[in-house]
Structure formats: structure tokens, C-alpha cells
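Source file: run30.cif (mmCIF, C-alpha atoms)
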```cif
data_data
loop_
_atom_site.label_atom_id
_atom_site.label_comp_id
_atom_site.auth_asym_id
_atom_site.auth_seq_id
_atom_site.Cartn_x
_atom_site.Cartn_y
_atom_site.Cartn_z
CA MET Y 1 -20.49 -0.16 14.89
CA TYR Y 2 -18.97 -3.59 15.46
CA ASN Y 3 -18.85 -6.25 18.12
CA ILE Y 4 -15.34 -5.12 18.96
CA GLU Y 5 -14.60 -8.06 21.25
CA ARG Y 6 -15.48 -10.51 18.48
CA ILE Y 7 -13.27 -8.60 16.06
CA ARG Y 8 -10.35 -8.52 18.47
CA ASN Y 9 -10.69 -12.28 18.91
CA ASP Y 10 -10.18 -12.58 15.15
CA PHE Y 11 -6.60 -11.28 15.61
CA PRO Y 12 -4.49 -13.52 17.90
CA ALA Y 13 -1.71 -10.91 18.14
CA LEU Y 14 -4.03 -8.52 19.97
CA HIS Y 15 -4.10 -10.87 22.98
CA LYS Y 16 -0.34 -10.56 23.34
CA MET Y 17 0.37 -6.85 22.85
CA VAL Y 18 -1.07 -3.36 22.59
CA PHE Y 19 -0.90 -2.91 18.85
CA PHE Y 20 -0.44 0.53 17.29
CA GLY Y 21 1.83 -0.69 14.49
CA SER Y 22 -0.40 -1.19 11.45
CA ALA Y 23 1.56 1.39 9.44
CA GLY Y 24 4.54 -0.99 9.75
CA VAL Y 25 3.22 -4.54 9.46
CA GLY Y 26 -0.33 -5.27 10.53
CA PRO Y 27 -1.54 -8.33 12.45
CA LEU Y 28 -2.97 -11.28 10.53
CA PRO Y 29 -6.60 -12.23 11.05
CA ARG Y 30 -7.21 -15.83 11.96
CA THR Y 31 -9.07 -16.39 8.67
CA ALA Y 32 -5.92 -15.56 6.67
CA MET Y 33 -3.73 -17.84 8.77
CA VAL Y 34 -6.17 -20.74 8.38
CA ALA Y 35 -6.54 -20.13 4.64
CA MET Y 36 -2.77 -20.18 4.10
CA GLN Y 37 -2.22 -23.24 6.25
CA ARG Y 38 -5.00 -25.18 4.55
CA TYR Y 39 -3.96 -24.14 1.05
CA SER Y 40 -0.31 -24.95 1.73
CA LYS Y 41 -1.29 -28.47 2.83
CA GLU Y 42 -3.50 -28.96 -0.22
CA LEU Y 43 -0.70 -27.86 -2.54
CA ARG Y 44 2.39 -29.43 -1.04
CA VAL Y 45 1.22 -32.31 1.16
CA ASP Y 46 -1.91 -33.60 -0.58
CA PHE Y 47 -0.97 -32.32 -4.05
CA ALA Y 48 -4.70 -31.96 -4.57
CA THR Y 49 -5.70 -31.37 -8.18
CA ALA Y 50 -8.39 -28.86 -7.20
CA ALA Y 51 -5.86 -26.77 -5.29
CA TRP Y 52 -3.38 -26.72 -8.18
CA GLU Y 53 -6.14 -25.76 -10.59
CA ALA Y 54 -7.47 -23.00 -8.32
CA ASP Y 55 -6.55 -19.40 -9.13
CA PRO Y 56 -5.98 -17.29 -6.00
CA VAL Y 57 -4.60 -14.51 -8.21
CA ALA Y 58 -8.01 -14.21 -9.86
CA GLU Y 59 -9.62 -14.16 -6.41
CA VAL Y 60 -7.49 -11.22 -5.32
CA ARG Y 61 -8.02 -9.38 -8.60
CA ASN Y 62 -11.77 -9.57 -8.06
CA LEU Y 63 -11.60 -8.54 -4.39
CA ALA Y 64 -9.11 -5.72 -4.97
CA ALA Y 65 -11.16 -4.42 -7.88
CA LYS Y 66 -14.24 -4.35 -5.67
CA MET Y 67 -12.34 -2.51 -2.95
CA ILE Y 68 -11.16 0.35 -5.21
CA ASN Y 69 -13.95 0.37 -7.85
CA ALA Y 70 -11.82 -0.94 -10.71
CA SER Y 71 -12.22 -3.88 -13.06
CA PRO Y 72 -10.36 -7.13 -12.26
CA GLU Y 73 -8.52 -6.76 -15.58
CA GLU Y 74 -6.91 -3.56 -14.23
CA ILE Y 75 -5.40 -5.31 -11.19
CA VAL Y 76 -1.90 -6.78 -11.07
CA ILE Y 77 -0.75 -8.86 -8.11
CA ALA Y 78 2.57 -7.53 -6.77
CA PRO Y 79 4.58 -8.43 -3.66
CA SER Y 80 5.01 -4.85 -2.43
CA THR Y 81 4.19 -1.20 -3.01
CA SER Y 82 7.51 -0.53 -4.74
CA ALA Y 83 7.00 -3.50 -7.08
CA GLY Y 84 3.69 -2.00 -8.17
CA ILE Y 85 5.16 1.48 -8.66
CA ASN Y 86 8.01 0.05 -10.72
CA LEU Y 87 5.49 -1.35 -13.20
CA LEU Y 88 4.71 2.23 -14.25
CA ALA Y 89 8.18 3.69 -13.75
CA GLY Y 90 9.79 0.99 -15.87
CA GLY Y 91 7.03 0.89 -18.47
CA ILE Y 92 6.83 4.53 -19.60
CA LYS Y 93 8.39 5.44 -22.93
CA TRP Y 94 10.49 8.24 -21.43
CA LYS Y 95 11.83 11.18 -23.38
CA ARG Y 96 14.93 13.05 -22.35
CA HIS Y 97 14.09 16.14 -20.27
CA ASP Y 98 10.75 14.72 -19.11
CA ASN Y 99 10.25 15.42 -15.44
CA VAL Y 100 8.77 13.64 -12.44
CA VAL Y 101 7.35 15.49 -9.42
CA ILE Y 102 7.89 13.88 -6.01
CA ASN Y 103 8.12 15.30 -2.48
CA ASP Y 104 10.20 15.06 0.67
CA LEU Y 105 7.57 13.20 2.74
CA GLU Y 106 7.51 10.08 0.56
CA TYR Y 107 8.64 6.65 1.69
CA PRO Y 108 11.55 5.30 -0.42
CA ALA Y 109 9.17 2.93 -2.26
CA ASN Y 110 7.82 5.98 -4.11
CA ILE Y 111 11.19 7.72 -4.54
CA PHE Y 112 13.85 5.32 -5.74
CA PRO Y 113 11.92 3.89 -8.73
CA TRP Y 114 11.76 7.43 -10.14
CA LEU Y 115 15.40 8.24 -9.34
CA HIS Y 116 16.43 5.06 -11.12
CA GLN Y 117 14.53 6.04 -14.27
CA ALA Y 118 15.91 9.58 -14.06
CA HIS Y 119 19.44 8.19 -14.05
CA LYS Y 120 18.72 5.89 -17.00
CA HIS Y 121 16.84 8.37 -19.17
CA GLY Y 122 18.12 11.82 -18.22
CA LEU Y 123 14.91 12.92 -16.48
CA GLU Y 124 14.48 15.91 -14.22
CA VAL Y 125 13.25 15.07 -10.72
CA ARG Y 126 11.43 17.90 -8.98
CA ILE Y 127 11.19 17.59 -5.20
CA VAL Y 128 8.46 19.59 -3.48
CA ARG Y 129 9.30 20.55 0.12
CA SER Y 130 6.84 20.03 2.94
CA ARG Y 131 6.06 22.41 5.80
CA ASP Y 132 5.62 20.94 9.27
CA GLY Y 133 4.59 17.55 7.90
CA VAL Y 134 2.13 19.01 5.37
CA LEU Y 135 2.48 19.24 1.59
CA PRO Y 136 1.11 22.56 0.35
CA PHE Y 137 -1.23 21.87 -2.56
CA SER Y 138 -0.10 25.04 -4.32
CA GLU Y 139 3.55 23.95 -4.21
CA LEU Y 140 2.76 20.55 -5.71
CA THR Y 141 0.74 22.04 -8.55
CA LYS Y 142 3.32 24.78 -9.15
CA ALA Y 143 5.94 22.09 -9.84
CA ILE Y 144 3.84 20.56 -12.65
CA ASP Y 145 4.26 21.66 -16.26
CA ARG Y 146 3.82 20.27 -19.78
CA LYS Y 147 6.92 18.10 -19.44
CA THR Y 148 5.74 16.43 -16.23
CA ARG Y 149 5.04 12.82 -17.08
CA VAL Y 150 4.25 11.66 -13.54
CA LEU Y 151 3.20 13.17 -10.24
CA ALA Y 152 4.13 10.51 -7.67
CA VAL Y 153 2.49 11.00 -4.30
CA SER Y 154 1.10 9.05 -1.36
CA HIS Y 155 -2.57 9.24 -0.49
CA VAL Y 156 -1.48 9.29 3.17
CA GLU Y 157 2.14 10.11 4.01
CA PHE Y 158 3.91 7.47 6.09
CA GLY Y 159 5.52 9.72 8.71
CA SER Y 160 3.23 12.64 9.43
CA GLY Y 161 0.02 10.92 8.33
CA PHE Y 162 -0.89 13.90 6.12
CA ARG Y 163 -3.68 13.08 3.67
CA ASN Y 164 -3.18 14.52 0.18
CA ASP Y 165 -6.14 15.73 -1.86
CA ILE Y 166 -5.77 13.12 -4.59
CA PRO Y 167 -8.78 14.13 -6.74
CA ALA Y 168 -7.56 17.74 -6.93
CA LEU Y 169 -3.98 16.66 -7.66
CA ALA Y 170 -5.20 14.26 -10.35
CA GLU Y 171 -7.17 17.06 -11.98
CA ALA Y 172 -4.11 19.31 -11.96
CA ILE Y 173 -1.73 16.78 -13.52
CA HIS Y 174 -4.27 15.67 -16.12
CA LYS Y 175 -4.62 19.27 -17.34
CA THR Y 176 -0.99 19.16 -18.46
CA GLY Y 177 -1.25 15.66 -19.95
CA GLY Y 178 0.62 13.85 -17.16
CA MET Y 179 -0.27 10.92 -14.90
CA ILE Y 180 -0.72 10.52 -11.17
CA CYS Y 181 0.83 7.51 -9.44
CA VAL Y 182 -0.54 6.99 -5.93
CA ASP Y 183 1.11 5.06 -3.13
CA ALA Y 184 -1.99 3.91 -1.25
CA VAL Y 185 -0.37 1.63 1.30
CA HIS Y 186 -1.45 3.90 4.20
CA SER Y 187 -4.97 4.56 2.97
CA LEU Y 188 -6.27 1.20 1.73
CA GLY Y 189 -7.85 -0.50 4.71
CA VAL Y 190 -8.35 2.88 6.40
CA LEU Y 191 -10.22 5.10 3.94
CA PRO Y 192 -12.61 4.40 1.06
CA VAL Y 193 -10.64 4.59 -2.21
CA ASN Y 194 -12.44 4.94 -5.54
CA VAL Y 195 -9.96 5.13 -8.40
CA GLN Y 196 -12.63 6.23 -10.88
CA GLU Y 197 -13.94 9.13 -8.81
CA MET Y 198 -10.46 10.14 -7.66
CA GLY Y 199 -8.96 10.15 -11.18
CA ILE Y 200 -6.08 7.82 -10.30
CA ASP Y 201 -3.99 6.47 -13.18
CA VAL Y 202 -1.83 4.02 -11.24
CA LEU Y 203 -2.13 2.88 -7.63
CA ALA Y 204 0.09 0.53 -5.65
CA ALA Y 205 -0.14 -0.91 -2.16
CA GLY Y 206 1.43 -3.70 -0.17
CA GLY Y 207 -1.16 -5.89 1.51
CA TYR Y 208 0.67 -6.42 4.80
CA LYS Y 209 0.00 -3.13 6.58
CA TRP Y 210 -3.52 -1.76 7.09
CA LEU Y 211 -5.04 -4.51 4.91
CA CYS Y 212 -3.76 -7.09 7.43
CA GLY Y 213 -2.49 -9.44 4.72
CA PRO Y 214 0.65 -11.59 4.71
CA LEU Y 215 4.14 -10.35 3.97
CA GLY Y 216 5.03 -10.48 0.27
CA SER Y 217 1.51 -9.64 -0.84
CA GLY Y 218 -0.06 -6.60 -2.47
CA PHE Y 219 -1.49 -5.31 -5.71
CA ALA Y 220 -1.35 -2.50 -8.23
CA TYR Y 221 -4.01 -0.86 -10.35
CA ILE Y 222 -3.19 0.38 -13.86
CA ARG Y 223 -5.93 2.23 -15.74
CA GLU Y 224 -6.98 -0.02 -18.61
CA ASP Y 225 -6.50 2.45 -21.45
CA LEU Y 226 -3.11 3.49 -20.04
CA ALA Y 227 -1.71 -0.06 -19.95
CA GLU Y 228 -1.58 -0.33 -23.74
CA SER Y 229 0.85 2.61 -23.94
CA LEU Y 230 3.34 1.07 -21.49
CA ASP Y 231 6.16 -1.37 -22.25
CA PRO Y 232 6.75 -3.89 -19.44
CA ALA Y 233 10.29 -3.63 -18.12
CA THR Y 234 10.39 -7.40 -17.68
CA ILE Y 235 8.61 -10.25 -19.45
CA ASP Y 236 7.88 -13.78 -18.35
CA TYR Y 237 5.66 -16.73 -19.20
CA LYS Y 238 2.57 -15.19 -17.55
CA ASP Y 239 2.67 -12.08 -19.72
CA ILE Y 240 2.21 -13.62 -23.17
CA THR Y 241 -1.19 -14.12 -24.77
CA ALA Y 242 -3.33 -17.10 -23.79
CA ASP Y 243 -2.90 -18.73 -27.21
CA ALA Y 244 0.87 -18.35 -27.09
CA HIS Y 245 0.94 -19.64 -23.52
CA ASP Y 246 -1.06 -22.75 -24.50
CA ALA Y 247 1.17 -23.37 -27.52
CA VAL Y 248 4.30 -23.19 -25.36
CA TRP Y 249 2.82 -25.48 -22.73
CA ASN Y 250 1.74 -28.05 -25.30
CA ALA Y 251 5.25 -28.02 -26.72
CA LEU Y 252 6.75 -28.52 -23.27
CA VAL Y 253 4.47 -31.51 -22.68
CA SER Y 254 5.04 -33.07 -26.10
CA GLY Y 255 8.75 -32.38 -26.31
CA GLU Y 256 8.34 -30.34 -29.47
CA GLU Y 257 9.89 -26.97 -30.16
CA TYR Y 258 8.04 -23.74 -29.46
CA ALA Y 259 8.39 -20.35 -31.10
CA MET Y 260 11.38 -18.43 -29.79
CA ASP Y 261 11.30 -15.56 -32.26
CA GLU Y 262 8.58 -13.51 -30.56
CA ALA Y 263 6.76 -13.00 -27.26
CA PRO Y 264 3.24 -11.73 -28.06
CA LEU Y 265 2.00 -9.85 -25.01
CA HIS Y 266 -1.38 -9.86 -23.35
CA ARG Y 267 -3.42 -6.81 -24.12
CA GLY Y 268 -3.91 -4.39 -21.23
CA THR Y 269 -2.76 -4.69 -17.67
CA GLN Y 270 -2.19 -8.45 -17.55
CA ARG Y 271 1.02 -8.07 -19.55
CA PHE Y 272 2.47 -6.81 -16.25
CA GLN Y 273 1.54 -9.82 -14.08
CA PRO Y 274 4.81 -11.24 -12.72
CA GLU Y 275 5.53 -14.96 -12.61
CA GLY Y 276 6.38 -16.60 -9.32
CA VAL Y 277 4.21 -14.70 -6.84
CA SER Y 278 3.64 -16.89 -3.80
CA PRO Y 279 0.23 -18.59 -4.11
CA ILE Y 280 0.21 -19.02 -0.33
CA ALA Y 281 0.65 -15.28 0.26
CA VAL Y 282 -1.95 -14.49 -2.40
CA LYS Y 283 -4.39 -16.90 -0.75
CA GLY Y 284 -3.82 -15.17 2.57
CA LEU Y 285 -4.35 -11.76 1.00
CA SER Y 286 -7.59 -13.03 -0.50
CA ALA Y 287 -8.82 -13.97 2.98
CA SER Y 288 -7.72 -10.63 4.46
CA LEU Y 289 -9.39 -8.60 1.68
CA SER Y 290 -12.59 -10.60 2.13
CA TYR Y 291 -12.48 -9.81 5.84
CA MET Y 292 -11.98 -6.07 5.22
CA LEU Y 293 -14.71 -5.93 2.58
CA GLU Y 294 -17.13 -7.64 4.95
CA LEU Y 295 -16.49 -4.93 7.56
CA GLY Y 296 -16.94 -2.21 4.92
CA SER Y 297 -14.59 0.70 4.15
CA GLU Y 298 -17.04 3.40 5.29
CA ALA Y 299 -17.59 1.68 8.64
CA ILE Y 300 -13.84 1.21 9.11
CA GLU Y 301 -13.21 4.89 8.35
CA GLU Y 302 -15.93 5.89 10.81
CA ARG Y 303 -14.43 3.85 13.64
CA ILE Y 304 -10.85 4.98 12.96
CA THR Y 305 -11.99 8.62 12.82
CA LYS Y 306 -13.71 8.22 16.18
CA LEU Y 307 -10.64 6.64 17.76
CA VAL Y 308 -8.26 9.24 16.32
CA ASP Y 309 -10.54 12.01 17.61
CA TYR Y 310 -10.32 10.42 21.05
CA LEU Y 311 -6.53 10.05 20.81
CA ILE Y 312 -6.03 13.68 19.76
CA ASP Y 313 -8.26 14.91 22.57
CA ARG Y 314 -6.33 12.85 25.14
CA LEU Y 315 -2.95 14.00 23.76
CA GLN Y 316 -3.98 17.63 23.92
CA SER Y 317 -5.30 17.22 27.47
CA ALA Y 318 -1.99 15.62 28.47
CA LYS Y 319 -0.09 18.46 26.70
CA ILE Y 320 1.74 16.00 24.44
CA ALA Y 321 2.84 17.69 21.20
CA ILE Y 322 1.26 16.31 18.03
CA LEU Y 323 3.37 16.36 14.86
CA SER Y 324 0.57 15.20 12.54
CA PRO Y 325 -2.26 17.29 11.07
CA THR Y 326 -5.29 17.24 13.35
CA ALA Y 327 -8.01 18.42 10.93
CA PRO Y 328 -10.17 15.40 9.96
CA GLU Y 329 -9.84 16.00 6.22
CA LYS Y 330 -6.03 16.16 6.47
CA ARG Y 331 -5.44 12.90 8.34
CA ALA Y 332 -6.25 9.18 8.33
CA GLY Y 333 -5.03 6.58 10.83
CA ILE Y 334 -1.52 7.87 11.61
CA VAL Y 335 -0.82 10.21 14.53
CA THR Y 336 2.82 11.04 15.20
CA ILE Y 337 3.77 12.70 18.47
CA ARG Y 338 6.85 14.34 19.92
CA VAL Y 339 8.85 12.26 22.40
CA PRO Y 340 11.83 13.24 24.61
CA TYR Y 341 14.38 11.37 22.47
CA ASN Y 342 16.77 12.60 19.82
CA LEU Y 343 15.68 10.21 17.07
CA SER Y 344 18.46 11.39 14.76
CA LYS Y 345 20.74 9.26 16.94
CA PRO Y 346 20.25 5.51 16.36
CA LYS Y 347 21.00 4.70 20.00
CA GLU Y 348 18.22 7.00 21.16
CA ALA Y 349 15.76 5.45 18.71
CA ARG Y 350 16.71 1.97 19.96
CA ARG Y 351 16.20 3.09 23.58
CA LEU Y 352 12.68 4.17 22.74
CA GLU Y 353 12.00 0.91 20.88
CA GLU Y 354 13.24 -1.08 23.88
CA LYS Y 355 10.94 0.83 26.23
CA LEU Y 356 8.00 0.16 23.94
CA GLN Y 357 8.87 -3.51 23.73
CA ASN Y 358 9.21 -3.83 27.51
CA ALA Y 359 5.79 -2.21 27.92
CA GLY Y 360 4.22 -4.61 25.40
CA ILE Y 361 3.36 -1.77 23.00
CA VAL Y 362 3.89 -1.99 19.26
CA ALA Y 363 4.49 1.48 17.77
CA HIS Y 364 7.35 2.90 15.74
CA PRO Y 365 9.71 5.90 15.77
CA ARG Y 366 9.06 7.57 12.43
CA GLY Y 367 8.95 11.07 11.00
CA GLY Y 368 10.84 12.57 13.94
CA GLY Y 369 8.48 11.25 16.61
CA LEU Y 370 6.56 8.22 17.81
CA ARG Y 371 4.07 7.08 15.16
CA LEU Y 372 0.82 5.62 16.47
CA SER Y 373 -1.22 3.73 13.88
CA ILE Y 374 -4.88 3.60 14.87
CA HIS Y 375 -6.88 0.78 13.29
CA PHE Y 376 -10.47 -0.40 13.62
CA PHE Y 377 -9.57 -3.10 16.18
CA ASN Y 378 -8.04 -0.62 18.65
CA THR Y 379 -9.93 0.61 21.70
CA GLU Y 380 -10.17 3.70 23.89
CA GLU Y 381 -8.70 1.67 26.75
CA GLU Y 382 -5.57 0.95 24.70
CA ILE Y 383 -5.29 4.64 23.85
CA ASP Y 384 -5.49 5.51 27.56
CA LEU Y 385 -2.72 2.99 28.24
CA VAL Y 386 -0.40 4.41 25.59
CA ILE Y 387 -1.07 7.99 26.77
CA ASP Y 388 -0.01 6.92 30.25
CA PHE Y 389 3.13 5.32 28.81
CA ILE Y 390 4.06 8.44 26.82
CA SER Y 391 3.43 10.74 29.77
CA LYS Y 392 6.04 8.83 31.78
CA LEU Y 393 8.80 8.88 29.15
#
```
Spit out the file's structure as C-alpha cells when you get a sec.
Amino acid sequence: MYNIERIRNDFPALHKMVFFGSAGVGPLPRTAMVAMQRYSKELRVDFATAAWEADPVAEVRNLAAKMINASPEEIVIAPSTSAGINLLAGGIKWKRHDNVVINDLEYPANIFPWLHQAHKHGLEVRIVRSRDGVLPFSELTKAIDRKTRVLAVSHVEFGSGFRNDIPALAEAIHKTGGMICVDAVHSLGVLPVNVQEMGIDVLAAGGYKWLCGPLGSGFAYIREDLAESLDPATIDYKDITADAHDAVWNALVSGEEYAMDEAPLHRGTQRFQPEGVSPIAVKGLSASLSYMLELGSEAIEERITKLVDYLIDRLQSAKIAILSPTAPEKRAGIVTIRVPYNLSKPKEARRLEEKLQNAGIVAHPRGGGLRLSIHFFNTEEEIDLVIDFISKL
């Protein structure tokens, strides 16, 4: 599918370690590092006019929109998954006794924003229980009723790697008039994601995991017709209309007063764009997204599927217990396995982490086992090496 050696040369970290840690923080491609270094120099050393007038936020909006089949106007740049989720959680006009459906496999980024709103507004939070790392579809849909405002769920769960059927869940919540908010941090960069076909209302993802972007980067998608019904929880200079923004700026330059009696908001999603996102991080994310789009989401999924098939086969041959779903339609790039450590004890978890570090392997104790994150740049030889390591624990 690819010239894998050329691709691995694009990631300097891969020459230093065996990397199965993309579900934590992924490695940066060389193109992103160069883009950030160059842009930082242009901004803060050369103070180049062209660099200050450039708009990396617009670049990422266009690239992210292309990646998920949205319009650039529906994309908001956010520094993390939780920041994107909070745009919806803090923007809904809640009514007392509304409910939110979550589940016990979610990462805190998709839990605490809803608990916070529940505390503020008297909401009911319904927690669906998983079974052996899998969320039963029937249990999720059973929890939904006419008072469910949001079903908050990950496309791929962080610990077990279970892949939820997002189109079917979206159809179920839409029948009752609710919305689906998808944490896509473990699917973007692994699986094709089409927000139109999948019926997603809001999606959020940090850019620093499977998308191989810099820390402090990410984006959210808010369906265009939904954005008008939301009230931003916070407002800053970026969120007001272009005319109002220009009037304020002209006043700042001229020393005149500007209107302080109103803050007319942008229409649509851009009323949610926060001020102060790092242009360096956004520039790096732009380079990383360009890299991923050039490879192609279908080709990436094909390679990851092939590698995960190989990993599962080797684990089963070595009689190593797999905690993740093994059916292709129920998984993505995460495979979590049982290890002979009691991970409920912090000292035991640290012992495992130390052994991994000493072996030059990047992987993480998560979800009650050792989580292996398989990305397109991994190889069968690396999988053989990690199987050998696990067999000797």
C-alpha cells in the first residue's frame, strides 16, 4: 500500500523506539516539525508581514472539513477533545429534568463536561454499563427517551477499543429529538469519518493522538443548523461579527471609543471560535492533516486492519488473552491485552511502565490491561517484537 520505509523515515521518533502509543500521544511527522519551526521564526524572529497576515486557522478548517465531509464553516479549532465537547455542553439551553446518556467506557473528556452541566442545571445523567469492554447497542438505545437532549459517546472507546455503531445510534437519538455528540479522538486518523452519512451533530477530537499533530491542537465540528440554537458559554473578540470586529479594531487604532453595550455574535459555528489558540500548534496540525489526507483514510484503515489482524493472530497463537473485541466491525486500532500485573495498584502499573521503557517500547496500561495502539507506520516485525516482550512478562 505504501513505501513503509519512506513513511517511517517521516517520523524521527520511530528510529528511537518501538511505538505502539498513538492512543496516548502520537509521534510528529517531520513535515509538522519543520512547519512549526519555520512559522515560529517568521512570526517571532523575522516578524514577517506575510506570516502575521496568514490564517492557519482557516487552513485547518479547510483540511478538517475535507477529512470529515463537512463545510469549513462548521469547524471550530479547539486545543483538545474536552474543549470541543464543552462547546456543546455549555451552549445548550438546558431545561430542568433534561437527561444526558453516557456510558462507563468513556474517557473523562466526554464525562465531566456533562456532569458539570448536570450539577448546574439539575439534569439527569444516565450511565449505560458495558459488558466485557463492549457497549450493548440495545442498552444504549433503551436509555434514550423524549427528555434525552444528548447521547455522548466515543466512536472508538479509549480502553477496550470497542467501535460503536455511530450511524445507528444517531438514528435512534434523532427519533426522540435529541443530539449525538461523538468523541472521535480514537477514530480520526484511523477510520474514515463522514459526519453527513453518519448523522453526527457534534464531533470533537484532539489532534495529537492518531492524527499525529502537536499538543494543544484539535478541532470540533458543529452541524451548521444546530449552531444557531446554541449560546456560547464564553465570548471573546473572535466571536463577534466581522463588522463589529473591524469597528472595534479601528477604534483601538484611532484611540476612539467602541461600543460596549452589545456583542453581536457571528452567525453559525464561528461564534464558538476561541481567542488565543496557538498559531504554531495550528500550523503544525495543518501540516499533519495534510500528511494524513495525502495518505488517504481508506488506505490507512486498510493497513491498520491488516496489522491488527496480524497482531490478533499472533496473540492467539501465543495464548495471550485479548480484552478488546476481535471482530473487524467492532474494533479499530486499539488492542488491549491481559498482563500479569494488578493494574489497580499504582506500583504494579509503574513496574509495567518501567519494563516497557527499558525495552524501548511505547505502550500504555489502560482499561485493565496493556493497550497496544496500531497505526499505519507500524510493522509486522514490531508486532513480533512486542509479542516476544509480552510472552516474557
Practice item. Would you kindly translate the PyMOL selection byres ((chain Y and resi 339-353) around 9) into the concrete residues it picks from this file, as a PyMOL selection string? Key: chain Y and resi 320-321+337-338+354-358+362-366+368-370+390+393
Exercise for review: Evaluate the PyMOL selection byres ((chain Y and resi 328) around 12) and record the selected residues as an MDAnalysis selection string, following the chain and residue labels used in the document.
Suggested key: chainID Y and resid 161:163 191 301:302 304:309 312 324:327 329:335
Point to revise | Pick from Y:Pro29, Y:Gly284, Y:Gly178, Y:Pro167, whichever lies nearest to Val150 (chain Y) using only C-alpha atoms | key: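 Of Y:Pro29, Y:Gly284, Y:Gly178, Y:Pro167, the one nearest Val150 (chain Y), counting only C-alpha atoms, is Y:Gly178.
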Exercise for review: Using all atoms listed in the file, determine which residues lie at most 9 Å from Gly90 (chain Y), disregarding the query and same-chain residues fewer than 6 positions distant; provide the list as JSON, numbers by chain.
Suggested key: {"Y": [113, 114, 117, 230, 231, 232, 233, 234]}
Practice item. List the residues selected by the PyMOL selection byres ((chain Y and resi 144) around 12) in the file shown, writing them as a PyMOL selection string. Key: chain Y and resi 98-102+124-128+137-143+145-152+169-180
Please output region 376-387 of chain Y, rebuilt to include N, CA and C atoms, as a PDB file, keeping the file's coordinate frame.
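Result file is rebuild-v1.pdb:
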```
ATOM      1  N   PHE Y 376      -9.089  -0.174  13.159  1.00  0.00           N
ATOM      2  CA  PHE Y 376     -10.470  -0.400  13.620  1.00  0.00           C
ATOM      3  C   PHE Y 376     -10.542  -1.320  14.832  1.00  0.00           C
ATOM      4  N   PHE Y 377      -9.527  -2.146  15.057  1.00  0.00           N
ATOM      5  CA  PHE Y 377      -9.570  -3.100  16.180  1.00  0.00           C
ATOM      6  C   PHE Y 377      -9.045  -2.491  17.473  1.00  0.00           C
ATOM      7  N   ASN Y 378      -8.509  -1.264  17.428  1.00  0.00           N
ATOM      8  CA  ASN Y 378      -8.040  -0.620  18.650  1.00  0.00           C
ATOM      9  C   ASN Y 378      -9.205  -0.149  19.510  1.00  0.00           C
ATOM     10  N   THR Y 379      -8.900   0.185  20.759  1.00  0.00           N
ATOM     11  CA  THR Y 379      -9.930   0.610  21.700  1.00  0.00           C
ATOM     12  C   THR Y 379      -9.493   1.865  22.444  1.00  0.00           C
ATOM     13  N   GLU Y 380     -10.470   2.527  23.064  1.00  0.00           N
ATOM     14  CA  GLU Y 380     -10.170   3.700  23.890  1.00  0.00           C
ATOM     15  C   GLU Y 380      -9.288   3.313  25.068  1.00  0.00           C
ATOM     16  N   GLU Y 381      -9.496   2.120  25.606  1.00  0.00           N
ATOM     17  CA  GLU Y 381      -8.700   1.670  26.750  1.00  0.00           C
ATOM     18  C   GLU Y 381      -7.224   1.535  26.366  1.00  0.00           C
ATOM     19  N   GLU Y 382      -6.958   1.052  25.164  1.00  0.00           N
ATOM     20  CA  GLU Y 382      -5.570   0.950  24.700  1.00  0.00           C
ATOM     21  C   GLU Y 382      -4.963   2.343  24.508  1.00  0.00           C
ATOM     22  N   ILE Y 383      -5.772   3.264  24.019  1.00  0.00           N
ATOM     23  CA  ILE Y 383      -5.290   4.640  23.850  1.00  0.00           C
ATOM     24  C   ILE Y 383      -4.940   5.238  25.200  1.00  0.00           C
ATOM     25  N   ASP Y 384      -5.785   5.016  26.208  1.00  0.00           N
ATOM     26  CA  ASP Y 384      -5.490   5.510  27.560  1.00  0.00           C
ATOM     27  C   ASP Y 384      -4.167   4.935  28.063  1.00  0.00           C
ATOM     28  N   LEU Y 385      -3.948   3.645  27.778  1.00  0.00           N
ATOM     29  CA  LEU Y 385      -2.720   2.990  28.240  1.00  0.00           C
ATOM     30  C   LEU Y 385      -1.496   3.608  27.575  1.00  0.00           C
ATOM     31  N   VAL Y 386      -1.568   3.866  26.269  1.00  0.00           N
ATOM     32  CA  VAL Y 386      -0.400   4.410  25.590  1.00  0.00           C
ATOM     33  C   VAL Y 386      -0.161   5.871  25.976  1.00  0.00           C
ATOM     34  N   ILE Y 387      -1.238   6.618  26.277  1.00  0.00           N
ATOM     35  CA  ILE Y 387      -1.070   7.990  26.770  1.00  0.00           C
ATOM     36  C   ILE Y 387      -0.325   7.972  28.098  1.00  0.00           C
TER      37      ILE Y 387
END
```
